[in-house]
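The block underneath contains the structure these notes are about, expressed in structure tokens.
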Amino acid sequence: METQSDVRFQIPRDVWLGLGGIVFAGAYWWKAARIPISPLDGAVNAAAIPMALAYAMVLFSTILILRAIAIEMMFVRAAKAARTGKAAARPKEAGAHYFSPREHLRAAGVIGIGIIYLLLLPRLGYVLSITALFFAMSVYMGAKVGAYTAALAVGIAVFFYFLFVQILGIPLPAGIWVSLLP
Amino acid sequence: MDGLAMAFTVLTTSPAIFFAIAGVAWGIVGGALPGISPSIALALLLPFTYGMDPIPAIVLLAATYVGAEYGGSIPAILINTPGTNAAAATVVDGYAMHRQGRGGEALGISLQSGVVGGLFGLIFLVLFTEPLARVALSFNFPAYFALGILGLSVIVSLSSGSLVKGMIAATIGMMIATIGTDPLSGVSRFTFGTPELLTGIPYVIVMVGVFAMSELMMTANTPDWGKTDQKQTRIKLPSFGQWRKLWRAQGIGSGIGIFEGVMPGAGGSVAAFMSYNEARRWSSEPDMFGKGAPEGIAAPEAANNAVACTALVPVLSFGIPGSNSAAILMGGMLIHGLQPGPMLFAKEPEFIYGLFGGLAVANVAQLFLGVLMMTPALWLVNRPKPYLMAAIFALVFSGIYSIHNSTFDLYLVLLFGVVGYLMRAFGFPFLPMVLGLVLGYLVEANYRRSLELTSGDHRIFWETPIAFGLLSVAVLFVVGSAIRDVLSARKAARKIAQEAA
């Protein structure tokens with residue numbers, strides 16, 4: 001572990017966030033600059049506020065970068081001044097979460113399950129897709145693969161089918177099964 | 001008296017009573033589930049309100065907020081895990097009482113204090129909203145623009161996390177609000193040739209994505225919460241004698257809750273902790289706090305239920321929400337074509353008084369529903385987390401699909417889920433983004449209309465006294481917050497140096 005005497009300047013993650021913000025603002029500005037001028041536009045056209053927001057994003061992102069560098073420099077200076085050989089722990093921002101790449105991947109898996117559901121929905125129809133969604137999500141969150149989870153998935157799917165299709169009258173996708181009927 | 005008659009008429013001629021009761025019931029269950037905050041409980045309901053009439057829809061949402069504040073105390077007392085952020089203060093003495101075998105008593109104190117706080121909050125809401133709205137009636141375009149900027153500045157300044165991250169979040173919210181057809185000129189903006197985006201991104205999709213979907217992503221990495229013995233827990237309301245010992249704490253909680261509810265950015269959590277501290281300070285037995293003091297439950301629970309009512313004051317009078325849940329409620333109003341703000345009293349008095357009536361029913365019904373819903377809420381809390389989260393995922397996808405019968409909306413929910421997850425991971429507060437989204441149109445439209453009046457001359461903003469005053473306060477908030485930010489960074493560096501030495 002890094003000790004106070006050999007602590008080095010590290011690029012804080014807020015710097016990368018700020019740079020990302022500037023790139024995003026640039027893309028947003030580029031798109032805003034192409035908003036067509038309408039004859040109905042008055043003193044301020046439809047692109048004015050979006051372009052102002054892009055400038056604001058660049059400004060705030062720059063402040064975020066400078067702030068992060070200043071905090072890191074203050075930390076390095078304080079740690080070097082101490083020179084006690086103790087382990088150096090960088091201050092963590094309140095409210096932020098410091099996940100490992102593996103944890104990020106696990107969270108992304110939830111989105112992956114959602115995308116697979118959306119790809120299956122038009123083909124398998126609502127009932128089968130929502131059964132698969134419930135089963136996959138339960139197992140992903142730690143439930144055992146087995147008859148109980150499968151039965152629960154079917155039960156939930158049937159309950160939601162009655163709630164949304166039969167009671168609320170929402171035409172949820174029937175899937176390819178209808179086209180197979182004679 | 002007209003308002004009272006109107007509320008009575010609405011309650012007796014519409015299904016608002018039914019939806020007030022249903023909202024409290026859902027709120028108690030939602031609040032009882034750790035991870036499901038009042039805002040998530042509200043966001044999950046939003047898709048269902050699309051097809052409803054405005055009054056029952058908003059009564060349902062407001063009643064959910066009321067119920068969720070009590071629901072959060074159930075796992076706080078029984079499994080040492082607050083169901084909502086605001087219930088974190090209840091954990092201290094609530095769980096201590098449960099460990100002493102007084103869990104039922106603690107739940108009863110929480111419920112009864114919540115009802116007391118909610119009723120006090122409701123009285124304040126009814127008495128002060130209309131006078132404040134009358135003040136706002138004198139606002140013109142520049143003043144409305146300045147009010148929107150002030151609302152954003154206050155929220156950005158008071159939200160958790162760094163000021164600059166709050167500003168970035170608010171900017172992102174306003175950027176999302178610019179997507180779709182510009183209502184003033186009719187040109188399309190940021191639609192990328194996608195017809196689904198022509199009408200803009202519905203608030204409900206952003207809110208469900210940011211709050212509910214990102215929570216599902218977060219829970220993928222969190223362990224299951226504890227379980228409780230359902231048979232040992234029977235709710236026990238305080239007797240009159242016990243209530244007399246609690247009135248002071250309930251009064252303190254209600255007073256602080258009323259004040260904090262009106263203040264933007266404060267919310268139930270701040271109110272609960274402040275009232276806990278004040279109740280301890282004014283208690284005749286301060287040493288009992290932390291060891292199972294009934295007053296340690298009564299004060300925070302009265303406070304967070306008072307907040308659930310008074311958080312509506314800035315929404316209804318100025319059209320500025322002060323908390324996540326209030327922003328979602330405001331989103332619900334906008335979905336139904338109701339523009340919150342002073343004109344709402346003139347244009348939709350039935351809605352306003354119907355909402356007040358619905359909230360009164362919700363607060364009273366909470367006393368009975370708190371007892372009735374205890375068994376199903378505990379049953380749900382005791383289910384394994386994977387099944388609950390999977391059911392919520394299925395509910396989100398089914399509910400959002402039902403808005404436009406479109407899978408495009410579901411892809412957007414996933415996208416905003418990722419946005420919400422990144423915001424949580426990197427410490428960006430949600431509230432400024434949500435506020436930027438719901439106030440984006442107000443700010444832009446009034447800015448452009450103001451400049452129409454002067455052919456583009458910006459002096460109108462400082463030559464209009466109200467606008468100048470509001471903008472000055474906004475600048476003061478931001479500058480004050482920036483100074484606080486710099487000072488806290490310096491303090492942190494000094495602390496590192498001292499610890500190292």
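So you can find residues: chains in the structure tokens are A, B, ... in the order shown, residues in each start at 1, and ligands are numbered from 1 in order.
For chain A, the residues having at least one atom no farther than 6 Å from chain B, when counting only C-alpha atoms, are Leu40, Asp41, Ala43, Val44, Met74, Phe75, Ala78, Ala82, Gly95, Ala96, His97, Ala107, Val110, Phe134, Met137, Ser138, Met141, Gly142 and Ala143 of chain A.
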As a compact mmCIF listing (two decimals) with C-alpha atoms, in the first residue's frame, please: all residues of segment 44-114 of chain A that backbone DSSP puts in alpha helix (DSSP H).
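Final output, saved to part_24.txt:
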# COMPACT_ATOMS: atom_id res chain seq x y z
CA ALA A 48 -30.38 29.29 -27.98
CA ILE A 49 -31.08 27.50 -24.71
CA PRO A 50 -29.56 24.17 -25.84
CA MET A 51 -26.38 25.97 -26.89
CA ALA A 52 -26.29 27.85 -23.59
CA LEU A 53 -26.67 24.51 -21.80
CA ALA A 54 -23.72 23.11 -23.76
CA TYR A 55 -21.57 26.07 -22.68
CA ALA A 56 -22.76 25.60 -19.08
CA MET A 57 -21.81 21.92 -19.25
CA VAL A 58 -18.31 22.79 -20.46
CA LEU A 59 -17.94 25.35 -17.66
CA PHE A 60 -19.15 23.00 -14.90
CA SER A 61 -17.08 20.09 -16.23
CA THR A 62 -13.99 22.29 -16.24
CA ILE A 63 -14.70 23.33 -12.64
CA LEU A 64 -15.13 19.66 -11.73
CA ILE A 65 -11.73 18.85 -13.23
CA LEU A 66 -9.99 21.77 -11.50
CA ARG A 67 -11.67 20.97 -8.21
CA ALA A 68 -10.62 17.31 -8.38
CA ILE A 69 -7.01 18.27 -9.21
CA ALA A 70 -6.94 20.83 -6.38
CA ILE A 71 -8.24 18.28 -3.85
CA GLU A 72 -5.68 15.68 -5.01
CA MET A 73 -2.86 18.23 -4.77
CA MET A 74 -3.96 19.26 -1.27
CA PHE A 75 -3.97 15.58 -0.27
CA VAL A 76 -0.53 14.90 -1.75
CA ARG A 77 0.92 18.01 -0.08
CA ALA A 78 -0.60 17.11 3.31
CA ALA A 79 0.55 13.49 3.09
CA LYS A 80 4.09 14.42 2.03
CA ALA A 81 4.35 17.01 4.78
CA ALA A 82 3.50 14.38 7.39
CA PRO A 101 -15.10 -3.40 -12.18
CA ARG A 102 -16.65 -6.76 -11.28
CA GLU A 103 -19.46 -5.00 -9.38
CA HIS A 104 -20.06 -2.66 -12.31
CA LEU A 105 -20.31 -5.68 -14.58
CA ARG A 106 -22.78 -7.31 -12.24
CA ALA A 107 -24.95 -4.19 -12.29
CA ALA A 108 -24.68 -4.07 -16.09
CA GLY A 109 -26.01 -7.63 -16.16
CA VAL A 110 -29.40 -6.28 -15.02
CA ILE A 111 -29.50 -4.11 -18.15
CA GLY A 112 -28.40 -7.11 -20.21
CA ILE A 113 -31.35 -9.14 -18.91
CA GLY A 114 -33.63 -6.24 -19.83
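Taking atom CA of Phe273 of chain B as the reference point, atom CA of Leu476 of chain B is found at 26.6 Å.
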Worksheet entry | From A:Ala32, A:Val127, A:Val139, A:Leu172, residue lying nearest Ala157 of chain A [only C-alpha atoms] | A:Val127
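In this structure, atom CA of Leu33 of chain B sits 8.3 Å away from atom CA of Thr84 of chain B.
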